[in-house]
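Note: the block below is final-v4.pdb and it holds PDB, C-alpha atoms, pLDDT in the B column.
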```pdb
ATOM      1  CA  MET A 160      -7.435  -3.452  -2.169  1.00 53.00           C
ATOM      2  CA  ASN A 161      -7.245  -0.300  -0.100  1.00 56.00           C
ATOM      3  CA  SER A 162      -9.988  -0.164   2.566  1.00 55.00           C
ATOM      4  CA  THR A 163     -10.833   3.426   1.597  1.00 55.00           C
ATOM      5  CA  GLU A 164     -11.475   2.392  -2.021  1.00 69.00           C
ATOM      6  CA  LYS A 165     -15.140   2.559  -3.017  1.00 86.00           C
ATOM      7  CA  ILE A 166     -16.013   0.205  -5.858  1.00 92.00           C
ATOM      8  CA  LEU A 167     -19.493   0.505  -7.336  1.00 96.00           C
ATOM      9  CA  LEU A 168     -21.208  -2.845  -7.819  1.00 97.00           C
ATOM     10  CA  SER A 169     -24.164  -3.679 -10.043  1.00 97.00           C
ATOM     11  CA  VAL A 170     -27.205  -5.543  -8.727  1.00 97.00           C
ATOM     12  CA  ARG A 171     -25.824  -8.792 -10.141  1.00 98.00           C
ATOM     13  CA  GLU A 172     -22.360  -8.260  -8.658  1.00 97.00           C
ATOM     14  CA  LEU A 173     -23.780  -7.378  -5.238  1.00 97.00           C
ATOM     15  CA  SER A 174     -26.120 -10.374  -5.237  1.00 98.00           C
ATOM     16  CA  GLU A 175     -23.199 -12.670  -6.106  1.00 97.00           C
ATOM     17  CA  ARG A 176     -21.046 -11.241  -3.322  1.00 96.00           C
ATOM     18  CA  LEU A 177     -23.861 -11.622  -0.779  1.00 96.00           C
ATOM     19  CA  GLY A 178     -24.961 -15.019  -2.104  1.00 97.00           C
ATOM     20  CA  ILE A 179     -28.585 -13.961  -2.610  1.00 97.00           C
ATOM     21  CA  SER A 180     -30.967 -13.419  -5.509  1.00 98.00           C
ATOM     22  CA  PRO A 181     -30.932 -10.154  -7.482  1.00 98.00           C
ATOM     23  CA  LYS A 182     -34.680  -9.970  -6.750  1.00 98.00           C
ATOM     24  CA  ILE A 183     -33.853  -9.508  -3.051  1.00 98.00           C
ATOM     25  CA  ILE A 184     -31.453  -6.663  -3.913  1.00 98.00           C
ATOM     26  CA  TYR A 185     -34.211  -4.941  -5.919  1.00 97.00           C
ATOM     27  CA  MET A 186     -36.672  -5.464  -3.052  1.00 97.00           C
ATOM     28  CA  TRP A 187     -34.260  -4.005  -0.489  1.00 97.00           C
ATOM     29  CA  THR A 188     -33.580  -1.073  -2.827  1.00 97.00           C
ATOM     30  CA  LYS A 189     -37.299  -0.377  -3.247  1.00 95.00           C
ATOM     31  CA  GLU A 190     -37.759  -0.536   0.553  1.00 96.00           C
ATOM     32  CA  ASN A 191     -34.690   1.723   1.102  1.00 96.00           C
ATOM     33  CA  LYS A 192     -33.232  -1.004   3.313  1.00 96.00           C
ATOM     34  CA  ILE A 193     -29.793  -0.664   1.703  1.00 97.00           C
ATOM     35  CA  PRO A 194     -27.951   2.411   0.374  1.00 97.00           C
ATOM     36  CA  PHE A 195     -27.759   2.785  -3.391  1.00 97.00           C
ATOM     37  CA  ILE A 196     -26.786   5.221  -6.116  1.00 96.00           C
ATOM     38  CA  VAL A 197     -29.025   5.807  -9.136  1.00 95.00           C
ATOM     39  CA  ILE A 198     -26.865   6.106 -12.250  1.00 95.00           C
ATOM     40  CA  SER A 199     -29.597   6.430 -14.872  1.00 92.00           C
ATOM     41  CA  SER A 200     -30.717   9.795 -16.177  1.00 91.00           C
ATOM     42  CA  GLU A 201     -33.581  11.563 -14.414  1.00 88.00           C
ATOM     43  CA  GLY A 202     -36.274  10.823 -16.992  1.00 89.00           C
ATOM     44  CA  ALA A 203     -35.213   7.260 -17.795  1.00 90.00           C
ATOM     45  CA  LYS A 204     -37.900   4.564 -17.852  1.00 92.00           C
ATOM     46  CA  THR A 205     -35.538   2.002 -16.350  1.00 91.00           C
ATOM     47  CA  LYS A 206     -33.477   2.861 -13.275  1.00 91.00           C
ATOM     48  CA  HIS A 207     -29.955   1.550 -12.952  1.00 95.00           C
ATOM     49  CA  TYR A 208     -28.463   1.197  -9.487  1.00 96.00           C
ATOM     50  CA  ARG A 209     -24.979   0.795  -8.091  1.00 97.00           C
ATOM     51  CA  PHE A 210     -23.948  -0.194  -4.592  1.00 98.00           C
ATOM     52  CA  ILE A 211     -20.892   0.066  -2.361  1.00 97.00           C
ATOM     53  CA  LEU A 212     -20.421  -3.307  -0.652  1.00 96.00           C
ATOM     54  CA  GLU A 213     -19.093  -1.875   2.634  1.00 95.00           C
ATOM     55  CA  ASP A 214     -22.042   0.534   2.921  1.00 96.00           C
ATOM     56  CA  VAL A 215     -24.550  -2.230   2.193  1.00 96.00           C
ATOM     57  CA  LEU A 216     -22.980  -4.558   4.760  1.00 95.00           C
ATOM     58  CA  ASN A 217     -22.962  -1.822   7.398  1.00 95.00           C
ATOM     59  CA  SER A 218     -26.608  -1.052   6.702  1.00 95.00           C
ATOM     60  CA  LEU A 219     -27.599  -4.718   7.007  1.00 93.00           C
ATOM     61  CA  ARG A 220     -25.650  -5.088  10.270  1.00 92.00           C
ATOM     62  CA  GLU A 221     -27.473  -2.093  11.771  1.00 90.00           C
ATOM     63  CA  GLU A 222     -30.839  -3.698  10.960  1.00 76.00           C
ATOM     64  CA  LYS A 223     -30.286  -6.597  13.375  1.00 62.00           C
TER
END
```
Full structure transcribed into C-alpha cells:
Amino acid sequence: MNSTEKILLSVRELSERLGISPKIIYMWTKENKIPFIVISSEGAKTKHYRFILEDVLNSLREEK
C-alpha cells in the first residue's frame, strides 16, 4: 500500500487494528481525542464515523 493512500476505517475496523474495544473508539471520538470524519447526513439521528489509521496513530502518539 502506498504511504500517501488514505483508507477510511469504520469504528469496528479501527478497533480491530488497534486491538481495543469499539466502546473506547466511541469514547475517544466523543472526547475529540482522535480525528474522525462524520459520514452521516446532517440531521441523522445516528452518526456514522470513519477514521484514517495514520491520523489516529499520530494523534495518540502526541498525547503521551
Query - Residue contacts of A:Arg176 (12 Å, all atoms listed in the file) excluding same-chain residues fewer than 2 positions away, as a PyMOL selection string - result: chain A and resi 168-174+178-181+184+210-213+215-216
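For the atom pair formed by atom CA of A:Glu222 and atom CA of A:Asn191, the distance is 11.9 Å, given to one decimal.
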Query raised in the report: Which residues come within 6 Å of stretch 194-198 of chain A, counting only C-alpha atoms, excluding same-chain residues fewer than 6 positions away, as a list in words?
Result: His207, Tyr208, Arg209 and Phe210 of chain A
What does the file look like for those residues with C-alpha atoms, as a compact mmCIF listing (two decimals), keeping the file's coordinate frame?
```
# COMPACT_ATOMS: atom_id res chain seq x y z
CA HIS A 207 -29.96 1.55 -12.95
CA TYR A 208 -28.46 1.20 -9.49
CA ARG A 209 -24.98 0.80 -8.09
CA PHE A 210 -23.95 -0.19 -4.59
```
Query raised in the report: In Å, with one decimal, what is the gap from atom CA of A:Lys206 to atom CA of A:Trp187?
Result: 14.5 Å
Query raised in the report: atom CA of A:Gly202 to atom CA of A:Ile166: how many Å, to one decimal?
Result: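 Spanning atom CA of A:Gly202 to atom CA of A:Ile166 is a straight-line distance of 25.4 Å.
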Can you sort out stretch 203-214 of chain A so it carries all heavy atoms, written as a CSV table (one decimal), in the frame of the given file?
```
chain,number,residue,atom,x,y,z
A,203,ALA,N,-35.3,8.6,-17.2
A,203,ALA,CA,-35.2,7.3,-17.8
A,203,ALA,C,-36.3,6.4,-17.3
A,203,ALA,O,-36.8,6.4,-16.2
A,203,ALA,CB,-33.9,6.6,-17.4
A,204,LYS,N,-36.8,5.5,-18.2
A,204,LYS,CA,-37.9,4.6,-17.9
A,204,LYS,C,-37.4,3.5,-16.9
A,204,LYS,O,-38.1,3.1,-16.0
A,204,LYS,CB,-38.5,3.9,-19.1
A,204,LYS,CG,-39.3,4.8,-19.9
A,204,LYS,CD,-39.9,4.0,-21.1
A,204,LYS,CE,-40.8,4.9,-22.0
A,204,LYS,NZ,-41.4,4.1,-23.1
A,205,THR,N,-36.2,3.0,-17.2
A,205,THR,CA,-35.5,2.0,-16.4
A,205,THR,C,-34.5,2.6,-15.5
A,205,THR,O,-33.6,3.4,-16.0
A,205,THR,CB,-34.9,0.9,-17.2
A,205,THR,OG1,-35.9,0.4,-18.1
A,205,THR,CG2,-34.3,-0.2,-16.4
A,206,LYS,N,-34.5,2.3,-14.2
A,206,LYS,CA,-33.5,2.9,-13.3
A,206,LYS,C,-32.3,1.8,-13.1
A,206,LYS,O,-32.6,0.7,-13.0
A,206,LYS,CB,-34.1,3.2,-11.9
A,206,LYS,CG,-35.1,4.3,-12.0
A,206,LYS,CD,-35.3,4.8,-10.6
A,206,LYS,CE,-36.2,6.0,-10.8
A,206,LYS,NZ,-36.4,6.8,-9.5
A,207,HIS,N,-31.1,2.4,-13.1
A,207,HIS,CA,-30.0,1.6,-13.0
A,207,HIS,C,-29.3,2.0,-11.6
A,207,HIS,O,-29.1,3.1,-11.4
A,207,HIS,CB,-29.0,1.7,-14.1
A,207,HIS,CG,-29.5,1.3,-15.4
A,207,HIS,ND1,-29.5,0.0,-15.8
A,207,HIS,CD2,-30.2,2.0,-16.4
A,207,HIS,CE1,-30.1,-0.1,-17.0
A,207,HIS,NE2,-30.5,1.1,-17.4
A,208,TYR,N,-29.0,1.0,-10.8
A,208,TYR,CA,-28.5,1.2,-9.5
A,208,TYR,C,-27.0,0.7,-9.4
A,208,TYR,O,-26.7,-0.3,-10.0
A,208,TYR,CB,-29.3,0.5,-8.4
A,208,TYR,CG,-30.8,0.9,-8.5
A,208,TYR,CD1,-31.7,0.0,-9.1
A,208,TYR,CD2,-31.2,2.0,-7.9
A,208,TYR,CE1,-33.1,0.4,-9.1
A,208,TYR,CE2,-32.6,2.4,-7.9
A,208,TYR,CZ,-33.5,1.6,-8.5
A,208,TYR,OH,-34.8,1.9,-8.5
A,209,ARG,N,-26.3,1.3,-8.5
A,209,ARG,CA,-25.0,0.8,-8.1
A,209,ARG,C,-24.9,0.8,-6.6
A,209,ARG,O,-25.6,1.6,-5.9
A,209,ARG,CB,-23.8,1.6,-8.7
A,209,ARG,CG,-23.7,1.5,-10.2
A,209,ARG,CD,-23.4,0.1,-10.6
A,209,ARG,NE,-23.3,-0.1,-12.1
A,209,ARG,CZ,-24.3,-0.5,-12.9
A,209,ARG,NH1,-25.5,-0.8,-12.4
A,209,ARG,NH2,-24.1,-0.6,-14.1
A,210,PHE,N,-24.0,0.0,-6.0
A,210,PHE,CA,-23.9,-0.2,-4.6
A,210,PHE,C,-22.5,-0.3,-4.2
A,210,PHE,O,-21.6,-0.7,-4.9
A,210,PHE,CB,-24.6,-1.5,-4.2
A,210,PHE,CG,-26.0,-1.6,-4.7
A,210,PHE,CD1,-26.3,-2.1,-5.9
A,210,PHE,CD2,-27.1,-1.3,-3.9
A,210,PHE,CE1,-27.6,-2.3,-6.4
A,210,PHE,CE2,-28.4,-1.4,-4.3
A,210,PHE,CZ,-28.6,-1.9,-5.6
A,211,ILE,N,-22.2,0.2,-3.0
A,211,ILE,CA,-20.9,0.1,-2.4
A,211,ILE,C,-21.0,-1.0,-1.3
A,211,ILE,O,-21.8,-0.9,-0.4
A,211,ILE,CB,-20.4,1.4,-1.7
A,211,ILE,CG1,-20.3,2.5,-2.8
A,211,ILE,CG2,-19.1,1.2,-1.0
A,211,ILE,CD1,-20.1,3.9,-2.3
A,212,LEU,N,-20.3,-2.1,-1.5
A,212,LEU,CA,-20.4,-3.3,-0.7
A,212,LEU,C,-20.3,-3.0,0.8
A,212,LEU,O,-21.2,-3.4,1.6
A,212,LEU,CB,-19.4,-4.4,-1.0
A,212,LEU,CG,-19.4,-5.7,-0.2
A,212,LEU,CD1,-20.8,-6.4,-0.4
A,212,LEU,CD2,-18.3,-6.6,-0.6
A,213,GLU,N,-19.3,-2.2,1.2
A,213,GLU,CA,-19.1,-1.9,2.6
A,213,GLU,C,-20.3,-1.1,3.2
A,213,GLU,O,-20.7,-1.4,4.3
A,213,GLU,CB,-17.8,-1.0,2.8
A,213,GLU,CG,-17.5,-0.7,4.2
A,213,GLU,CD,-16.2,0.1,4.3
A,213,GLU,OE1,-15.4,0.2,3.4
A,213,GLU,OE2,-16.0,0.7,5.4
A,214,ASP,N,-20.9,-0.2,2.5
A,214,ASP,CA,-22.0,0.5,2.9
A,214,ASP,C,-23.3,-0.4,3.1
A,214,ASP,O,-24.0,-0.3,4.0
A,214,ASP,CB,-22.4,1.7,2.0
A,214,ASP,CG,-21.3,2.8,1.9
A,214,ASP,OD1,-20.4,2.7,2.8
A,214,ASP,OD2,-21.3,3.6,1.0
```
